[in-house]
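Visitor: My structure is below; once you've seen it, I'll send some questions.
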Amino acid sequence: MKKNLVLVLIVLLTAAGTLFAGGGQEGSGGAAEAQKPIVLRLAETHAADYPTTKGDFYFADLVKERTNGRITIEVYPSSQLGEEKPVIEQVQFGAIDFTRVSISPLSAFSPNFDALQMPYLYRNAEHMWKVLKSDIGKEFLESLEPANFVGLGWFESGARSFYNSKREVKTPADLKGMKIRVQQADIMVNMVNALGAVATPMPFGEVYSGLQTGVIDGAENNWPSYYSTSHYEVAKYYTLDAHTRVPEIIIASKISMDKLSAEDQEIIREAAWDSMDYQRQQWADYVKVAEEKIRAAGNVITEIKDNSAWQAAMQPMYNALSPELQEVVKKIRAVK
Ligand code: GTR
């Protein structure tokens, strides 16, 4: 009897031991898992002192702070991880965890983004930001999921205008026949062709030498990019037609995000959203510097007081949009 009791006790204790040990292992494994440092990578095309990159660093800092140093997002500026289009591809496959890009190259992966970057769509930056922060903007971020991205937030990119190395451009007709570099996106090719110029899609990093060697006659961009890339040194005619406002976006790889806990995903989403106002401030400061330097360099800056001829030339692009995207455009325009 006694012997049996001892045996039962031994069996019970062993079972309990295994259970506790197992549980303990699992528990400490789980805790260790939660404590395990996570390092993620973010690709950025601009240099470290550019406003979007500063926004990226701010985002990374917030994530680090809010996870007590557990999650590090390493920012790789200056296209170290590649040009925007191949980087987006790598984000899609989870080889790069995040990127900050213009929505133009992204529209090749999620064509509904065309509706967010149509020429002369927004009345001004304020209007654009109202849209981006509204449910419309949030729906756009969510719409990236089927393409395997997680849309996290928006950055400012001002208005894009044409510049070239040949002559002063005052009207769309002056652009006729010029080879104009565009981002690698159909919408930008169509826009430049609609103006009677010859659209030449190419990666951002090739534009400077393209201008210098005459492979292209011009390109289009905002003050900060025209300045930071030194394009203003090789293409001195800048026409302020402000044809597009193209939002910048921070996206994550859905594959990378799915590996994180729900809490970590939430921290990342909030940190990106909380970086937007900081980036806008950086943008405003840098625009002033860029404009000042370019004017001081003696570039020919052509103001466009009445842009109706430019708008008219690009109007057919609206008619070419799908009925669904035309509806989205209507909703965007209705935002007051
Ligand atoms: C800049 C934008 C970049 C890149 C570039 C381009 O304004 O910030 O992300 O898209 O334009 O023209 O390729």
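Identifiers in the structure tokens: chain A, B, ... in order shown; residue index from 1 per chain; ligand index from 1 in order shown.
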Output the neighbourhood of ligand 1 as an MDAnalysis selection string, that is, all protein and nucleic acid residues with some atom at most 7 Å from the ligand, counting only C-alpha atoms and all ligand atoms.

Guide: chainID A and resid 45 84 101:102 104 157 182:183 203:204 221:222 225 248

Visitor: Could you write out, as a PyMOL selection string, all the residues of segment 15-116 of chain A that DSSP marks as helix (DSSP H, G or I)?

Guide: chain A and resi 15-35+51-66+84-92+103-106+111-116

Visitor: Show me, as number ranges by chain, the residues that have an atom within 10 Å of Asn193 of chain A when counting only C-alpha atoms, minus same-chain residues fewer than 2 positions from it.

Guide: A: 176-177, 179-180, 187-191, 195-200, 313-314

Visitor: With only C-alpha atoms as the basis for distance, which of A:Ala95, A:Met118, A:Ala219, A:Met276 is at the shortest distance from Lys54 of chain A?

Guide: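 The shortest atom-to-atom distance to Lys54 of chain A comes from A:Met276.
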
Visitor: Taking only residues of segment 60-120 of chain A that have an atom at most 12 Å from an atom of segment 139-143 of chain A, what is each one's shortest atom pair and its distance in Å to one decimal, using only C-alpha atoms, in chain and number order, as a tab-separated table?

Guide:
```
residue	atom	partner	partner_atom	distance
A:Ile103	CA	A:Phe140	CA	10.8
A:Leu106	CA	A:Leu141	CA	11.7
A:Ser107	CA	A:Phe140	CA	11.3
A:Phe109	CA	A:Ser143	CA	11.1
A:Ser110	CA	A:Ser143	CA	8.1
A:Pro111	CA	A:Ser143	CA	10.3
A:Asn112	CA	A:Phe140	CA	8.1
A:Phe113	CA	A:Phe140	CA	7.4
A:Asp114	CA	A:Phe140	CA	10.8
A:Ala115	CA	A:Phe140	CA	9.9
A:Leu116	CA	A:Phe140	CA	8.7
```

Visitor: Would you mind exporting C-alpha atoms of the selected residues as a PDB file, in the first residue's frame?

Guide:
```pdb
ATOM      1  CA  ILE A 103       3.283  57.108 -54.582  1.00  0.00           C
ATOM      2  CA  LEU A 106       3.887  52.583 -56.091  1.00  0.00           C
ATOM      3  CA  SER A 107       0.983  53.013 -58.502  1.00  0.00           C
ATOM      4  CA  PHE A 109       1.777  47.907 -57.888  1.00  0.00           C
ATOM      5  CA  SER A 110      -1.543  49.397 -56.799  1.00  0.00           C
ATOM      6  CA  PRO A 111      -3.062  51.328 -59.734  1.00  0.00           C
ATOM      7  CA  ASN A 112      -5.832  52.916 -57.647  1.00  0.00           C
ATOM      8  CA  PHE A 113      -3.113  55.283 -56.393  1.00  0.00           C
ATOM      9  CA  ASP A 114      -3.403  57.130 -59.717  1.00  0.00           C
ATOM     10  CA  ALA A 115      -6.465  58.860 -58.300  1.00  0.00           C
ATOM     11  CA  LEU A 116      -4.369  60.413 -55.559  1.00  0.00           C
TER      12      LEU A 116
END
```

Visitor: Pick the closest to Ala108 of chain A from A:Pro86, A:Gly94, A:Gly158, A:Gly137: which is it, counting only C-alpha atoms?

Guide: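 Answer, going by the shortest atom-to-atom distance: A:Pro86.
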
Visitor: Which polymer residues have any atom within 12 Å of an atom of Lys288 of chain A, counting only C-alpha atoms, with same-chain residues fewer than 3 positions away left out, as a compact mmCIF listing (two decimals) with N, CA and C atoms, in the first residue's frame?

Guide:
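Generated output (out.txt):
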```
# COMPACT_ATOMS: atom_id res chain seq x y z
N GLY A 158 5.43 68.60 -51.54
CA GLY A 158 5.23 69.85 -52.28
C GLY A 158 4.59 69.64 -53.64
N ASN A 222 9.94 68.84 -57.26
CA ASN A 222 9.72 69.94 -56.32
C ASN A 222 11.05 70.68 -56.07
N TRP A 223 10.97 71.82 -55.39
CA TRP A 223 12.19 72.59 -55.08
C TRP A 223 13.25 71.73 -54.36
N PRO A 224 12.87 71.01 -53.29
CA PRO A 224 13.90 70.26 -52.55
C PRO A 224 14.64 69.21 -53.39
N TYR A 227 16.94 70.76 -55.96
CA TYR A 227 18.14 71.28 -55.30
C TYR A 227 19.07 70.16 -54.80
N GLN A 281 7.06 69.78 -41.11
CA GLN A 281 7.82 70.94 -40.64
C GLN A 281 9.22 70.96 -41.27
N GLN A 282 9.85 69.79 -41.29
CA GLN A 282 11.17 69.68 -41.91
C GLN A 282 11.09 70.10 -43.38
N TRP A 283 9.99 69.69 -44.00
CA TRP A 283 9.78 70.02 -45.41
C TRP A 283 9.72 71.53 -45.61
N ALA A 284 8.89 72.16 -44.81
CA ALA A 284 8.69 73.61 -44.94
C ALA A 284 10.03 74.34 -44.80
N ASP A 285 10.85 73.92 -43.85
CA ASP A 285 12.15 74.56 -43.64
C ASP A 285 13.06 74.37 -44.86
N GLU A 291 14.87 76.87 -52.33
CA GLU A 291 14.48 77.96 -53.23
C GLU A 291 15.50 79.09 -53.20
N GLU A 292 15.94 79.43 -52.02
CA GLU A 292 16.91 80.51 -51.86
C GLU A 292 18.21 80.22 -52.62
N LYS A 293 18.70 79.00 -52.44
CA LYS A 293 19.98 78.60 -53.08
C LYS A 293 19.84 78.60 -54.61
N ILE A 294 18.71 78.10 -55.08
CA ILE A 294 18.53 77.99 -56.54
C ILE A 294 18.40 79.38 -57.16
N ARG A 295 17.66 80.24 -56.49
CA ARG A 295 17.53 81.62 -57.00
C ARG A 295 18.89 82.32 -56.96
```

Visitor: Leaving out His231 of chain A and any residue of its chain fewer than 6 positions from it, which residues lie within 9 Å of it when counting only C-alpha atoms, given as number ranges by chain?

Guide: A: 163, 207-208, 211-212, 219, 225

Visitor: Could you pull the residues within 12 Å of Arg123 of chain A, counting only C-alpha atoms, minus those fewer than 2 positions along the same chain, as a list in words?

Guide: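 Residues near the query, excluding close chain neighbours: Met118, Pro119, Tyr120, Leu121, Ala125, Glu126, His127, Met128, Trp129, Lys130, Val131, Ala159, Ala242, His243, Thr244, Arg245, Ile332, Arg333, Ala334, Val335 and Lys336 of chain A.
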
Visitor: Store the residues picked out above, limited to N, CA and C atoms, as a PDB file, in the first residue's frame.

Guide:
```pdb
ATOM      1  N   MET A 118      -3.387  62.884 -59.458  1.00  0.00           N
ATOM      2  CA  MET A 118      -3.759  63.466 -60.748  1.00  0.00           C
ATOM      3  C   MET A 118      -3.297  64.932 -60.814  1.00  0.00           C
ATOM      4  N   PRO A 119      -3.017  65.414 -62.027  1.00  0.00           N
ATOM      5  CA  PRO A 119      -2.565  66.802 -62.143  1.00  0.00           C
ATOM      6  C   PRO A 119      -3.636  67.793 -61.678  1.00  0.00           C
ATOM      7  N   TYR A 120      -3.221  68.782 -60.981  1.00  0.00           N
ATOM      8  CA  TYR A 120      -4.111  69.849 -60.490  1.00  0.00           C
ATOM      9  C   TYR A 120      -5.325  69.295 -59.740  1.00  0.00           C
ATOM     10  N   LEU A 121      -5.089  68.243 -58.985  1.00  0.00           N
ATOM     11  CA  LEU A 121      -6.183  67.607 -58.231  1.00  0.00           C
ATOM     12  C   LEU A 121      -6.519  68.394 -56.968  1.00  0.00           C
ATOM     13  N   ALA A 125      -1.756  72.515 -50.553  1.00  0.00           N
ATOM     14  CA  ALA A 125      -1.224  71.468 -49.673  1.00  0.00           C
ATOM     15  C   ALA A 125      -2.224  71.133 -48.550  1.00  0.00           C
ATOM     16  N   GLU A 126      -2.883  72.164 -48.067  1.00  0.00           N
ATOM     17  CA  GLU A 126      -3.865  71.978 -46.989  1.00  0.00           C
ATOM     18  C   GLU A 126      -4.938  70.980 -47.394  1.00  0.00           C
ATOM     19  N   HIS A 127      -5.451  71.209 -48.619  1.00  0.00           N
ATOM     20  CA  HIS A 127      -6.486  70.330 -49.156  1.00  0.00           C
ATOM     21  C   HIS A 127      -5.976  68.885 -49.208  1.00  0.00           C
ATOM     22  N   MET A 128      -4.751  68.732 -49.734  1.00  0.00           N
ATOM     23  CA  MET A 128      -4.192  67.382 -49.847  1.00  0.00           C
ATOM     24  C   MET A 128      -4.114  66.713 -48.466  1.00  0.00           C
ATOM     25  N   TRP A 129      -3.651  67.480 -47.480  1.00  0.00           N
ATOM     26  CA  TRP A 129      -3.491  66.889 -46.151  1.00  0.00           C
ATOM     27  C   TRP A 129      -4.817  66.536 -45.497  1.00  0.00           C
ATOM     28  N   LYS A 130      -5.849  67.340 -45.805  1.00  0.00           N
ATOM     29  CA  LYS A 130      -7.179  66.991 -45.289  1.00  0.00           C
ATOM     30  C   LYS A 130      -7.601  65.642 -45.853  1.00  0.00           C
ATOM     31  N   VAL A 131      -7.338  65.468 -47.146  1.00  0.00           N
ATOM     32  CA  VAL A 131      -7.704  64.208 -47.806  1.00  0.00           C
ATOM     33  C   VAL A 131      -6.899  63.047 -47.204  1.00  0.00           C
ATOM     34  N   ALA A 159       4.893  70.564 -54.551  1.00  0.00           N
ATOM     35  CA  ALA A 159       4.330  70.483 -55.901  1.00  0.00           C
ATOM     36  C   ALA A 159       5.465  70.275 -56.890  1.00  0.00           C
ATOM     37  N   ALA A 242       3.571  73.768 -61.294  1.00  0.00           N
ATOM     38  CA  ALA A 242       2.999  73.005 -60.153  1.00  0.00           C
ATOM     39  C   ALA A 242       1.934  72.003 -60.595  1.00  0.00           C
ATOM     40  N   HIS A 243       2.281  71.167 -61.568  1.00  0.00           N
ATOM     41  CA  HIS A 243       1.259  70.283 -62.152  1.00  0.00           C
ATOM     42  C   HIS A 243       0.746  69.194 -61.224  1.00  0.00           C
ATOM     43  N   THR A 244       1.612  68.699 -60.344  1.00  0.00           N
ATOM     44  CA  THR A 244       1.107  67.646 -59.441  1.00  0.00           C
ATOM     45  C   THR A 244       1.556  67.870 -58.000  1.00  0.00           C
ATOM     46  N   ARG A 245       0.754  67.353 -57.098  1.00  0.00           N
ATOM     47  CA  ARG A 245       1.162  67.158 -55.703  1.00  0.00           C
ATOM     48  C   ARG A 245       1.124  65.641 -55.512  1.00  0.00           C
ATOM     49  N   ILE A 332     -12.477  63.312 -53.523  1.00  0.00           N
ATOM     50  CA  ILE A 332     -11.308  64.098 -53.116  1.00  0.00           C
ATOM     51  C   ILE A 332     -11.593  65.593 -53.311  1.00  0.00           C
ATOM     52  N   ARG A 333     -12.166  65.917 -54.462  1.00  0.00           N
ATOM     53  CA  ARG A 333     -12.434  67.333 -54.764  1.00  0.00           C
ATOM     54  C   ARG A 333     -13.495  67.918 -53.828  1.00  0.00           C
ATOM     55  N   ALA A 334     -14.362  67.038 -53.331  1.00  0.00           N
ATOM     56  CA  ALA A 334     -15.447  67.529 -52.456  1.00  0.00           C
ATOM     57  C   ALA A 334     -14.947  67.819 -51.045  1.00  0.00           C
ATOM     58  N   VAL A 335     -13.746  67.384 -50.726  1.00  0.00           N
ATOM     59  CA  VAL A 335     -13.223  67.649 -49.370  1.00  0.00           C
ATOM     60  C   VAL A 335     -12.910  69.130 -49.254  1.00  0.00           C
ATOM     61  N   LYS A 336     -13.545  69.759 -48.283  1.00  0.00           N
ATOM     62  CA  LYS A 336     -13.381  71.227 -48.124  1.00  0.00           C
ATOM     63  C   LYS A 336     -12.418  71.549 -47.005  1.00  0.00           C
TER      64      LYS A 336
END
```

Visitor: Would you pick out the contacts of segment 167-175 of chain A at 12 Å or less, using only C-alpha atoms, so that residues sharing its chain but fewer than 5 positions from it are not included, and give the list as JSON, numbers by chain?

Guide: {"A": [161, 162, 180, 191, 192, 193, 194, 195, 196, 197, 198, 199, 217, 218, 219, 220, 235, 236, 237, 238, 239, 240, 241, 243, 299, 300, 301, 302, 303, 304, 305, 306, 307, 308, 309, 310, 311, 312, 313, 314]}

Visitor: DSSP on the backbone, then: every residue of segment 66-212 of chain A marked strand (DSSP E), written as JSON, numbers by chain.

Guide: {"A": [71, 72, 73, 74, 75, 76, 98, 99, 100, 101, 102, 149, 150, 151, 152, 153, 154, 155, 160, 161, 162, 163, 164, 179, 180, 181, 182, 198, 199, 200, 201]}
